[in-house]
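Student: Okay, so here is entry02.cif, and as you'll see once you scroll down, it has mmCIF, C-alpha atoms.
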data_structure
#
loop_
_atom_site.group_PDB
_atom_site.id
_atom_site.type_symbol
_atom_site.label_atom_id
_atom_site.label_comp_id
_atom_site.auth_asym_id
_atom_site.auth_seq_id
_atom_site.Cartn_x
_atom_site.Cartn_y
_atom_site.Cartn_z
ATOM 1 C CA MET A 1 0.000 0.000 0.000
ATOM 2 C CA SER A 2 1.455 3.363 -0.999
ATOM 3 C CA ASP A 3 1.553 6.310 1.388
ATOM 4 C CA THR A 4 -1.241 7.968 -0.567
ATOM 5 C CA GLN A 5 -3.418 4.878 -0.356
ATOM 6 C CA HIS A 6 -2.663 4.585 3.348
ATOM 7 C CA TYR A 7 -3.772 8.154 4.066
ATOM 8 C CA ARG A 8 -6.892 7.816 1.908
ATOM 9 C CA PHE A 9 -7.760 4.607 3.752
ATOM 10 C CA GLN A 10 -7.262 6.284 7.127
ATOM 11 C CA SER A 11 -9.441 9.175 5.990
ATOM 12 C CA GLU A 12 -12.250 6.807 5.034
ATOM 13 C CA GLN A 13 -11.930 4.978 8.348
ATOM 14 C CA ALA A 14 -12.157 8.235 10.297
ATOM 15 C CA LYS A 15 -15.224 9.325 8.287
ATOM 16 C CA ARG A 16 -16.882 5.954 8.782
ATOM 17 C CA LEU A 17 -16.279 6.118 12.517
ATOM 18 C CA ALA A 18 -17.427 9.742 12.695
ATOM 19 C CA TYR A 19 -20.850 8.814 11.393
ATOM 20 C CA GLN A 20 -21.166 6.054 13.988
ATOM 21 C CA VAL A 21 -20.491 8.139 17.098
ATOM 22 C CA ILE A 22 -23.150 10.090 18.930
ATOM 23 C CA ASP A 23 -20.972 12.766 20.504
ATOM 24 C CA ALA A 24 -20.851 15.800 18.190
ATOM 25 C CA ASP A 25 -17.431 16.920 19.446
ATOM 26 C CA VAL A 26 -15.914 13.521 18.761
ATOM 27 C CA ARG A 27 -17.569 13.439 15.333
ATOM 28 C CA GLU A 28 -16.109 16.856 14.517
ATOM 29 C CA LYS A 29 -12.603 15.796 15.577
ATOM 30 C CA LEU A 30 -12.816 12.605 13.514
ATOM 31 C CA LEU A 31 -13.915 14.579 10.455
ATOM 32 C CA GLU A 32 -11.041 17.001 11.015
ATOM 33 C CA MET A 33 -8.678 14.022 11.158
ATOM 34 C CA ALA A 34 -10.160 12.715 7.910
ATOM 35 C CA ASP A 35 -9.525 16.089 6.264
ATOM 36 C CA GLU A 36 -5.923 16.043 7.486
ATOM 37 C CA TYR A 37 -5.367 12.566 6.075
ATOM 38 C CA ASP A 38 -6.767 13.728 2.731
ATOM 39 C CA ARG A 39 -4.465 16.765 2.789
ATOM 40 C CA TYR A 40 -1.459 14.510 3.445
ATOM 41 C CA ALA A 41 -2.437 12.323 0.508
ATOM 42 C CA ASP A 42 -2.937 15.384 -1.712
ATOM 43 C CA LEU A 43 0.475 16.713 -0.706
ATOM 44 C CA ILE A 44 2.163 13.415 -1.504
ATOM 45 C CA GLU A 45 0.449 13.307 -4.899
ATOM 46 C CA ALA A 46 1.428 16.912 -5.654
ATOM 47 C CA LYS A 47 5.057 16.278 -4.718
ATOM 48 C CA ALA A 48 5.145 13.157 -6.890
ATOM 49 C CA ALA A 49 3.651 15.048 -9.838
ATOM 50 C CA GLU A 50 6.193 17.844 -9.319
ATOM 51 C CA ARG A 51 9.099 15.375 -9.338
ATOM 52 C CA LEU A 52 7.720 13.700 -12.452
ATOM 53 C CA ALA A 53 7.393 17.047 -14.216
ATOM 54 C CA GLU A 54 10.970 17.936 -13.291
ATOM 55 C CA THR A 55 12.351 14.674 -14.625
ATOM 56 C CA THR A 56 10.382 14.809 -17.879
ATOM 57 C CA ALA A 57 11.249 18.480 -18.444
ATOM 58 C CA ALA A 58 14.970 17.996 -17.870
ATOM 59 C CA PRO A 59 16.959 18.209 -21.100
ATOM 60 C CA LEU A 60 18.734 15.100 -22.280
ATOM 61 C CA PRO A 61 22.534 15.231 -22.107
ATOM 62 C CA ALA A 62 24.267 15.961 -25.417
ATOM 63 C CA SER A 63 25.965 12.998 -27.039
#
Please rewrite the model in this file as structure tokens.
Tutor:
Amino acid sequence: MSDTQHYRFQSEQAKRLAYQVIDADVREKLLEMADEYDRYADLIEAKAAERLAETTAAPLPAS
């Protein structure tokens, strides 16, 4: 499981749990955690896309 998949999975777990609890404060914290996990996954994806763009944009060495 990649880091991105891990954080997306954790986000889904937190959301699932949030909708099972009765306490509104706990639900809010779990949903905040889910948002954080999604942000981590987004950041990892953005960094990976940035690295890919850098490597594909780099000029080839002259022969």
Student: Mind giving me the straight-line distance from CA of Tyr40 in chain A to CA of Thr4 in chain A in Å, one decimal?
Tutor: 7.7 Å
Student: Quick one: pull the distance between CA of Leu17 in chain A and CA of Ile44 in chain A, Å, one decimal.
Tutor: 24.3 Å
Student: Determine the residue membership of the PyMOL selection byres ((chain A and resi 34) around 8) for the file above and supply it as a list of chain:residue names.
Tutor: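 With the PyMOL selection byres ((chain A and resi 34) around 8) on this model, the match is A:Gln10, A:Ser11, A:Glu12, A:Gln13, A:Ala14, A:Lys15, A:Leu30, A:Leu31, A:Glu32, A:Met33, A:Asp35, A:Glu36, A:Tyr37, A:Asp38.
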Student: When you draw a straight line from CA of Ala41 in chain A to CA of Gln20 in chain A, how long is it in Å?
Tutor: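 These atoms are spaced 23.9 Å apart.
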Student: Around all the atoms of range 37-42 of chain A listed in the file, draw an axis-aligned box and extend it by 6 Å on each of the six sides; I want its centre and edge lengths in Å to one decimal, as lines of an AutoDock Vina configuration file.
Tutor:
center_x = -4.1
center_y = 14.5
center_z = 2.2
size_x = 17.3
size_y = 16.4
size_z = 19.8
